[in-house]
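Trainee: Below you'll find the structure I mean.
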Amino acid sequence: MSSDIHKALEFSDKAWGPEVRAPFSEDKHQEEDIIHSLSKFITIQNQSPLFDPNWEGNGYTKAAVELLVGWVEKQKVPGLTIEVSQSEKRTPVIFIEIPATKKENVHTVLLYGHLDKQPPLTDQWTDGLHPYVPIIRDGKLYGRGGADDGYSTFASVAAVQALKAQNIPHDRYVILIEAAEESGSIDLPFHMEKLKGRIGEPSLVVCLDSGCGNYEQFWLTSSLRGIVVGTLEVKLLREGVHSGSASGVVPSTFRILRDLLDRVEDKKTGEMIQDFHVKIPEYRIEQAKYTATLLGDSVWSEFPFLPGATPVAKDLTQLLLQRSWHPTLCVTGVEGIPTLSQAGNVLRPYASVKLSVRVPPSGSAEYIQNKLKEILEKDPPYGAHVKFIPDKSASGWESPAPPQWLEEALGRASLETFKKPHAYMGEGGSIPFLGMLGIMYPKTQFVVTGLLGPQSNAHGPNEFLHIGMGKKVTACVSYILAEQARH
């Protein structure tokens with residue numbers, strides 16, 4: 001039985017609630033809609049464990065889990081069961097199971113999201129906005145973790161509810177919501193092993209933790225880069241010394257850091273050493289060319305450049321490939337260097353930087369992590385004490401080619417909902433879960449999508465969720481679930 005996507009969109013619109021309203025509505029009919037409950041979720045300071053070592057003691061993760069579980073239970077979805085998979089010293093996983101209503105050829109579909117958040121960066125948010133104070137402006141819900149990825153629990157359940165509202169026979173659904181994705185999914189392998197007998201072998205995985213090139217069509221993620229994160233530490237002195245006395249005799253730890261980073265990155269172009277690159281499939285290059293025609297200059301103009309500042313290249317296809325298939329290096333944190341107000345004439349004894357290296361989709365994060373350590377620690381200048389201390393790593397992922405029924409369903413969903421065809425784009429970020437699943441279930445198909453579009457600024461200040469996009473993506477997912485049940 002085919003789904004009426006327009007009815008699915010009507011259901012989604014009602015489930016999310018009106019876009020023009022206060023986040024916390026006084027209207028009793030809106031108290032349990034998605035926007036209201038997602039706004040409550042935004043107020044919780046549940047940072048991922050990599051950024052909050054006291055995550056277990058402060059109770060924020062527990063509060064986020066309880067909010068999501070409570071909302072799901074209130075939906076009273078027929079047959080739905082929900083539990084929290086827990087183990088000492090590990091972040092929890094929410095496990096939801098909805099039994100199939102079709103009688104034959106029953107498949108399992110796994111829907112995935114996460115509830116943990118990046119650090120707030122509170123002082124960088126625009127006046128009037130705050131990471132933990134939900135605010136709706138121009139159809140956008142501002143706040144940390146709404147689009148990345150708090151909405152995923154609500155949207156997954158609502159997509160199934162939209163099917164049931166049309167009495168469409170459906171497959172078995174498992175919804176998995178983890179609490180450490182932003183820390184490299186460090187606890188997910190444990191939970192996957194613990195739950196694998198109950199999960200079964202999914203024929204389709206729907207991931208709601210990715211991005212979109214615009215808010216005008218249904219976007220699918222074709223690939224994701226992996227990641228290696230670690231600390232590069234340079235120590236030279238037992239204590240700081242007068243810069244007038246020591247400079248010219250004692251080398252600067254900052255200069256040593258620069259020298260070490262030059263070993264793996266060309267400082268003029270940003271290109272990393274060839275050993276970290278992979279051959280990009282020709283069809284992915286063609287795909288990037290088409291995406292460039294859809295997005296135009298928004299490929300780079302979505303970022304908040306200052307007047308006169310430019311991207312690293314002018315060619316739009318090149319920019320898309322560099323952000324999705326090239327290895328890149330970013331310095332995301334620093335220690336051992338005083339703030340400007342505290343910077344005296346002292347030659348510092350040490351300097352440390354946090355490195356974030358993005359790994360090509362088909363590259364090996366383990367290999368690059370080991371090579372980084374080898375290259376950065378070998379023959380340190382001036383006999384400095386140099387260490388590269390890895391924090392986390394995860395390889396990337398490339399989507400398998402979709403079967404004809406799925407490609408057609410994606411096209412119809414986008415055309416009926418957005419009046420434009422669906423599109424594919426490689427994402428520069430990482431979702432470790434997908435690489436893990438790709439190895440575990442090599443025959444599984446994937447639909448990877450999300451709400452992180454232009455200016456939504458996940459991980460940064462002023463993060464927002466585009467409410468209209470959320471409603472349409474929910475309807476599209478519901479339609480795809482219905483089509484999956486027919487095949």
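Residue numbering restarts at 1 for every chain of the structure tokens, chains are lettered A, B, ... in their displayed order, and ligands are numbered from 1 as they appear.
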Using DSSP on the backbone, list every residue of stretch 106-330 of chain A that comes out as strand (DSSP E or B), and give them as a VMD selection string.
Mentor: chain A and resid 108 to 114 117 130 133 135 to 137 140 to 142 172 to 178 204 to 207 211 219 to 224 226 to 235 241 to 242 247 250 265 272 328 to 330
Trainee: Any chance you can output those residues with N, CA and C atoms as a short mmCIF file (atom, residue, chain, number, x, y, z; two decimals), in the first residue's frame?
Mentor:
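Saved to result.cif:
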```
data_model
loop_
_atom_site.label_atom_id
_atom_site.label_comp_id
_atom_site.auth_asym_id
_atom_site.auth_seq_id
_atom_site.Cartn_x
_atom_site.Cartn_y
_atom_site.Cartn_z
N THR A 108 13.81 -5.35 8.76
CA THR A 108 14.12 -4.42 9.85
C THR A 108 14.73 -3.16 9.27
N VAL A 109 14.23 -2.02 9.72
CA VAL A 109 14.78 -0.72 9.35
C VAL A 109 15.33 -0.08 10.63
N LEU A 110 16.56 0.38 10.57
CA LEU A 110 17.20 1.00 11.72
C LEU A 110 17.27 2.51 11.50
N LEU A 111 16.70 3.27 12.43
CA LEU A 111 16.76 4.73 12.38
C LEU A 111 17.70 5.21 13.49
N TYR A 112 18.58 6.12 13.14
CA TYR A 112 19.67 6.50 14.06
C TYR A 112 19.73 8.01 14.28
N GLY A 113 20.09 8.37 15.51
CA GLY A 113 20.38 9.76 15.85
C GLY A 113 21.20 9.81 17.12
N HIS A 114 21.49 11.01 17.60
CA HIS A 114 22.23 11.14 18.87
C HIS A 114 21.69 12.32 19.66
N LYS A 117 25.76 16.83 22.87
CA LYS A 117 25.98 18.14 22.25
C LYS A 117 27.44 18.56 22.30
N HIS A 130 21.28 32.48 22.86
CA HIS A 130 22.04 31.75 23.89
C HIS A 130 21.94 30.26 23.58
N VAL A 133 19.06 28.65 25.60
CA VAL A 133 17.78 29.36 25.67
C VAL A 133 17.14 29.29 24.28
N ILE A 135 15.08 30.00 21.12
CA ILE A 135 14.42 31.18 20.58
C ILE A 135 14.03 30.90 19.13
N ILE A 136 12.82 31.27 18.74
CA ILE A 136 12.36 31.10 17.36
C ILE A 136 12.37 32.45 16.66
N ARG A 137 13.11 32.50 15.54
CA ARG A 137 13.14 33.69 14.70
C ARG A 137 13.04 33.26 13.24
N LYS A 140 13.12 29.64 12.42
CA LYS A 140 14.31 28.90 12.84
C LYS A 140 14.35 28.81 14.36
N LEU A 141 14.60 27.60 14.85
CA LEU A 141 14.70 27.38 16.29
C LEU A 141 16.18 27.39 16.67
N TYR A 142 16.59 28.45 17.38
CA TYR A 142 17.99 28.60 17.77
C TYR A 142 18.26 27.89 19.10
N ARG A 172 9.39 -3.76 10.53
CA ARG A 172 9.83 -3.60 11.92
C ARG A 172 10.85 -2.46 11.99
N TYR A 173 10.68 -1.60 13.00
CA TYR A 173 11.58 -0.45 13.15
C TYR A 173 12.32 -0.51 14.46
N VAL A 174 13.62 -0.24 14.38
CA VAL A 174 14.47 -0.07 15.56
C VAL A 174 15.03 1.34 15.50
N ILE A 175 14.84 2.09 16.57
CA ILE A 175 15.38 3.45 16.66
C ILE A 175 16.47 3.45 17.73
N LEU A 176 17.65 3.90 17.34
CA LEU A 176 18.82 3.88 18.23
C LEU A 176 19.32 5.31 18.39
N ILE A 177 19.34 5.80 19.62
CA ILE A 177 19.78 7.16 19.91
C ILE A 177 20.94 7.08 20.90
N GLU A 178 22.14 7.45 20.45
CA GLU A 178 23.31 7.35 21.33
C GLU A 178 23.62 8.68 22.01
N LEU A 204 17.66 -1.55 5.71
CA LEU A 204 17.78 -0.11 5.44
C LEU A 204 18.14 0.61 6.74
N VAL A 205 19.07 1.55 6.64
CA VAL A 205 19.41 2.43 7.76
C VAL A 205 19.06 3.85 7.37
N VAL A 206 18.33 4.53 8.24
CA VAL A 206 18.00 5.94 8.05
C VAL A 206 18.72 6.74 9.13
N CYS A 207 19.62 7.60 8.71
CA CYS A 207 20.38 8.43 9.65
C CYS A 207 19.95 9.87 9.49
N GLY A 211 23.62 16.74 6.78
CA GLY A 211 23.35 18.10 6.35
C GLY A 211 22.52 18.19 5.08
N TRP A 219 17.89 16.38 0.51
CA TRP A 219 19.32 16.12 0.30
C TRP A 219 19.73 14.79 0.92
N LEU A 220 20.54 14.05 0.17
CA LEU A 220 21.10 12.79 0.65
C LEU A 220 22.61 12.92 0.74
N THR A 221 23.17 12.38 1.79
CA THR A 221 24.61 12.41 1.97
C THR A 221 25.23 11.20 1.27
N SER A 222 26.15 11.46 0.35
CA SER A 222 26.77 10.39 -0.42
C SER A 222 28.04 9.87 0.23
N SER A 223 28.66 10.68 1.06
CA SER A 223 29.88 10.25 1.75
C SER A 223 30.13 11.14 2.95
N LEU A 224 30.94 10.64 3.86
CA LEU A 224 31.36 11.40 5.05
C LEU A 224 32.84 11.16 5.27
N GLY A 226 36.19 10.76 7.62
CA GLY A 226 36.53 10.29 8.97
C GLY A 226 37.24 11.38 9.73
N ILE A 227 37.73 11.05 10.92
CA ILE A 227 38.36 12.08 11.75
C ILE A 227 39.43 11.46 12.65
N VAL A 228 40.48 12.23 12.86
CA VAL A 228 41.49 11.93 13.87
C VAL A 228 41.67 13.18 14.71
N VAL A 229 41.49 13.08 16.00
CA VAL A 229 41.65 14.21 16.91
C VAL A 229 42.71 13.86 17.94
N GLY A 230 43.62 14.79 18.19
CA GLY A 230 44.64 14.54 19.19
C GLY A 230 45.34 15.82 19.59
N THR A 231 46.18 15.73 20.60
CA THR A 231 46.93 16.87 21.12
C THR A 231 48.39 16.75 20.73
N LEU A 232 48.92 17.80 20.12
CA LEU A 232 50.36 17.88 19.82
C LEU A 232 51.00 18.76 20.88
N GLU A 233 51.92 18.18 21.60
CA GLU A 233 52.51 18.83 22.77
C GLU A 233 54.01 19.03 22.55
N VAL A 234 54.49 20.25 22.77
CA VAL A 234 55.91 20.58 22.64
C VAL A 234 56.39 21.17 23.96
N LYS A 235 57.36 20.50 24.61
CA LYS A 235 57.93 20.98 25.87
C LYS A 235 59.44 21.19 25.69
N VAL A 241 60.85 31.69 31.11
CA VAL A 241 62.02 32.55 31.38
C VAL A 241 61.85 33.89 30.67
N HIS A 242 62.65 34.87 31.13
CA HIS A 242 62.60 36.22 30.57
C HIS A 242 62.93 36.15 29.08
N SER A 247 65.58 34.73 24.44
CA SER A 247 65.34 34.66 22.99
C SER A 247 66.65 34.85 22.24
N VAL A 250 67.23 30.28 23.43
CA VAL A 250 66.20 29.25 23.59
C VAL A 250 65.19 29.37 22.46
N GLU A 265 51.38 19.41 6.43
CA GLU A 265 50.49 20.33 5.72
C GLU A 265 51.29 21.42 5.05
N MET A 272 47.35 18.54 2.62
CA MET A 272 48.11 17.62 3.46
C MET A 272 48.95 16.69 2.59
N THR A 328 42.17 17.20 5.61
CA THR A 328 42.43 18.58 6.02
C THR A 328 42.84 18.61 7.49
N LEU A 329 43.55 19.67 7.83
CA LEU A 329 44.04 19.86 9.19
C LEU A 329 43.51 21.17 9.75
N CYS A 330 42.95 21.12 10.96
CA CYS A 330 42.54 22.33 11.68
C CYS A 330 43.13 22.29 13.08
#
```
Trainee: Would you kindly return, as a PyMOL selection string, each protein, DNA or RNA residue with an atom no farther than 12 Å from any atom of A:His422, considering only C-alpha atoms and excluding same-chain residues fewer than 3 positions away?
Mentor: chain A and resi 212-221+290-291+294+406-419+425+449+473+476
Trainee: Can you pull out every residue within 7 Å of stretch 277-283 of chain A, counting only C-alpha atoms, but drop anything in the same chain fewer than 2 positions away, and send it as a PDB file with all heavy atoms, in the first residue's frame?
Mentor:
```pdb
ATOM      1  N   GLN A 274      50.626  13.726   0.495  1.00  0.00           N
ATOM      2  CA  GLN A 274      49.963  12.854  -0.463  1.00  0.00           C
ATOM      3  C   GLN A 274      49.583  11.518   0.138  1.00  0.00           C
ATOM      4  O   GLN A 274      48.592  10.895  -0.263  1.00  0.00           O
ATOM      5  CB  GLN A 274      50.870  12.648  -1.679  1.00  0.00           C
ATOM      6  CG  GLN A 274      50.149  12.068  -2.887  1.00  0.00           C
ATOM      7  CD  GLN A 274      49.000  12.942  -3.373  1.00  0.00           C
ATOM      8  OE1 GLN A 274      49.105  14.168  -3.386  1.00  0.00           O
ATOM      9  NE2 GLN A 274      47.897  12.311  -3.758  1.00  0.00           N
ATOM     10  N   ASP A 275      50.339  11.060   1.107  1.00  0.00           N
ATOM     11  CA  ASP A 275      50.086   9.767   1.730  1.00  0.00           C
ATOM     12  C   ASP A 275      48.709   9.696   2.376  1.00  0.00           C
ATOM     13  O   ASP A 275      48.161   8.612   2.590  1.00  0.00           O
ATOM     14  CB  ASP A 275      51.174   9.497   2.787  1.00  0.00           C
ATOM     15  CG  ASP A 275      51.228   8.040   3.197  1.00  0.00           C
ATOM     16  OD1 ASP A 275      50.832   7.173   2.389  1.00  0.00           O
ATOM     17  OD2 ASP A 275      51.652   7.759   4.335  1.00  0.00           O
ATOM     18  N   ILE A 285      33.140  12.798  -8.631  1.00  0.00           N
ATOM     19  CA  ILE A 285      33.546  14.092  -9.187  1.00  0.00           C
ATOM     20  C   ILE A 285      32.412  14.667 -10.026  1.00  0.00           C
ATOM     21  O   ILE A 285      32.084  15.861  -9.928  1.00  0.00           O
ATOM     22  CB  ILE A 285      34.829  13.927 -10.021  1.00  0.00           C
ATOM     23  CG1 ILE A 285      35.995  13.491  -9.123  1.00  0.00           C
ATOM     24  CG2 ILE A 285      35.170  15.237 -10.732  1.00  0.00           C
ATOM     25  CD1 ILE A 285      37.274  13.170  -9.876  1.00  0.00           C
ATOM     26  N   GLU A 286      31.775  13.822 -10.845  1.00  0.00           N
ATOM     27  CA  GLU A 286      30.649  14.279 -11.649  1.00  0.00           C
ATOM     28  C   GLU A 286      29.485  14.720 -10.774  1.00  0.00           C
ATOM     29  O   GLU A 286      28.786  15.698 -11.074  1.00  0.00           O
ATOM     30  CB  GLU A 286      30.210  13.170 -12.611  1.00  0.00           C
ATOM     31  CG  GLU A 286      31.232  12.829 -13.679  1.00  0.00           C
ATOM     32  CD  GLU A 286      31.610  14.042 -14.520  1.00  0.00           C
ATOM     33  OE1 GLU A 286      30.690  14.770 -14.954  1.00  0.00           O
ATOM     34  OE2 GLU A 286      32.818  14.261 -14.730  1.00  0.00           O
ATOM     35  N   GLN A 287      29.279  13.989  -9.694  1.00  0.00           N
ATOM     36  CA  GLN A 287      28.214  14.342  -8.745  1.00  0.00           C
ATOM     37  C   GLN A 287      28.484  15.713  -8.137  1.00  0.00           C
ATOM     38  O   GLN A 287      27.563  16.539  -7.992  1.00  0.00           O
ATOM     39  CB  GLN A 287      28.161  13.267  -7.657  1.00  0.00           C
ATOM     40  CG  GLN A 287      26.847  13.148  -6.924  1.00  0.00           C
ATOM     41  CD  GLN A 287      26.854  11.940  -6.006  1.00  0.00           C
ATOM     42  OE1 GLN A 287      27.568  11.899  -4.998  1.00  0.00           O
ATOM     43  NE2 GLN A 287      26.081  10.933  -6.363  1.00  0.00           N
ATOM     44  N   TRP A 325      36.278  15.125   0.211  1.00  0.00           N
ATOM     45  CA  TRP A 325      37.156  14.006  -0.148  1.00  0.00           C
ATOM     46  C   TRP A 325      38.628  14.241   0.158  1.00  0.00           C
ATOM     47  O   TRP A 325      39.432  13.309   0.089  1.00  0.00           O
ATOM     48  CB  TRP A 325      36.991  13.668  -1.636  1.00  0.00           C
ATOM     49  CG  TRP A 325      35.819  12.764  -1.872  1.00  0.00           C
ATOM     50  CD1 TRP A 325      34.539  13.141  -2.147  1.00  0.00           C
ATOM     51  CD2 TRP A 325      35.803  11.333  -1.827  1.00  0.00           C
ATOM     52  NE1 TRP A 325      33.720  12.044  -2.279  1.00  0.00           N
ATOM     53  CE2 TRP A 325      34.476  10.917  -2.104  1.00  0.00           C
ATOM     54  CE3 TRP A 325      36.769  10.360  -1.595  1.00  0.00           C
ATOM     55  CZ2 TRP A 325      34.097   9.572  -2.131  1.00  0.00           C
ATOM     56  CZ3 TRP A 325      36.409   9.018  -1.635  1.00  0.00           C
ATOM     57  CH2 TRP A 325      35.091   8.636  -1.905  1.00  0.00           C
ATOM     58  N   HIS A 326      39.020  15.468   0.487  1.00  0.00           N
ATOM     59  CA  HIS A 326      40.424  15.730   0.782  1.00  0.00           C
ATOM     60  C   HIS A 326      40.686  15.638   2.283  1.00  0.00           C
ATOM     61  O   HIS A 326      39.828  16.014   3.089  1.00  0.00           O
ATOM     62  CB  HIS A 326      40.832  17.122   0.304  1.00  0.00           C
ATOM     63  CG  HIS A 326      40.983  17.222  -1.174  1.00  0.00           C
ATOM     64  ND1 HIS A 326      41.838  18.115  -1.781  1.00  0.00           N
ATOM     65  CD2 HIS A 326      40.402  16.544  -2.199  1.00  0.00           C
ATOM     66  CE1 HIS A 326      41.764  17.989  -3.098  1.00  0.00           C
ATOM     67  NE2 HIS A 326      40.893  17.056  -3.369  1.00  0.00           N
ATOM     68  N   PRO A 327      41.886  15.187   2.680  1.00  0.00           N
ATOM     69  CA  PRO A 327      42.261  15.292   4.093  1.00  0.00           C
ATOM     70  C   PRO A 327      42.572  16.752   4.425  1.00  0.00           C
ATOM     71  O   PRO A 327      43.131  17.476   3.591  1.00  0.00           O
ATOM     72  CB  PRO A 327      43.525  14.432   4.178  1.00  0.00           C
ATOM     73  CG  PRO A 327      44.117  14.500   2.804  1.00  0.00           C
ATOM     74  CD  PRO A 327      42.960  14.602   1.856  1.00  0.00           C
ATOM     75  N   PRO A 360      39.729  11.248   4.349  1.00  0.00           N
ATOM     76  CA  PRO A 360      38.879  10.960   3.192  1.00  0.00           C
ATOM     77  C   PRO A 360      37.937   9.781   3.449  1.00  0.00           C
ATOM     78  O   PRO A 360      38.269   8.882   4.237  1.00  0.00           O
ATOM     79  CB  PRO A 360      39.882  10.628   2.084  1.00  0.00           C
ATOM     80  CG  PRO A 360      41.124  11.341   2.478  1.00  0.00           C
ATOM     81  CD  PRO A 360      41.159  11.290   3.978  1.00  0.00           C
ATOM     82  N   GLY A 363      39.525   6.514   3.268  1.00  0.00           N
ATOM     83  CA  GLY A 363      40.813   6.426   3.941  1.00  0.00           C
ATOM     84  C   GLY A 363      40.703   5.730   5.287  1.00  0.00           C
ATOM     85  O   GLY A 363      39.615   5.532   5.819  1.00  0.00           O
TER      86      GLY A 363
END
```
Trainee: If you measure from atom CA of A:Glu374 to atom CA of A:Glu427, what distance in Å do you get, rounded to one decimal?
Mentor: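 Between these atoms lies a distance of 28.3 Å.
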Trainee: Quick check, in Å to one decimal: how far apart do atom CA of A:Ser152 and atom CA of A:Val106 lie?
Mentor: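 Between atom CA of A:Ser152 and atom CA of A:Val106 the gap is 24.0 Å.
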Trainee: Do a neighbour search on A:Thr269 at 12 Å with only C-alpha atoms, toss out local chain neighbours closer than 5 positions, and write the hits as a PyMOL selection string.
Mentor: chain A and resi 262+264+311-313+322+328-329
Trainee: When you look at stretch 38-52 of chain A with a cut-off of 9 Å (counting only C-alpha atoms), what residues show up, excluding the ones that are within fewer than 3 positions of it in the same chain? I need them as JSON, numbers by chain.
Mentor: {"A": [23, 24, 33, 34, 35, 55, 56, 59, 60, 61, 62, 63, 64, 67, 68, 91, 115, 116, 117, 118, 119, 120, 131, 132, 133, 134, 135, 141, 142, 143, 144, 145, 146, 150, 151, 154, 179, 180, 181, 182, 183, 184, 391]}
Trainee: How far is it from atom CA of A:Leu481 to atom CA of A:Val160, in Å with one decimal?
Mentor: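 Value for the atom CA of A:Leu481-atom CA of A:Val160 distance: 7.9 Å.
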Trainee: Which of these, A:Ala22, A:Ala309, A:Ile98, A:Ala394, has the shortest distance to A:Asp138 once you count only C-alpha atoms?
Mentor: A:Ala22
Trainee: Measuring between only C-alpha atoms, which one of A:Gly57, A:Gly470, A:Pro92, A:Ser203 shows the shortest distance to A:Asn105?
Mentor: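 Closest candidate: A:Ser203.
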Trainee: Write out as JSON, numbers by chain the residues lying within 8 Å of A:Gly468, counting only C-alpha atoms and excluding same-chain residues fewer than 3 positions away.
Mentor: {"A": [19, 139, 471, 472]}
Trainee: Please run DSSP on the backbone and report, as number ranges by chain, all residues within stretch 74-173 of chain A that come out as helix (DSSP H, G or I).
Mentor: A: 74-75, 122-124, 146-165
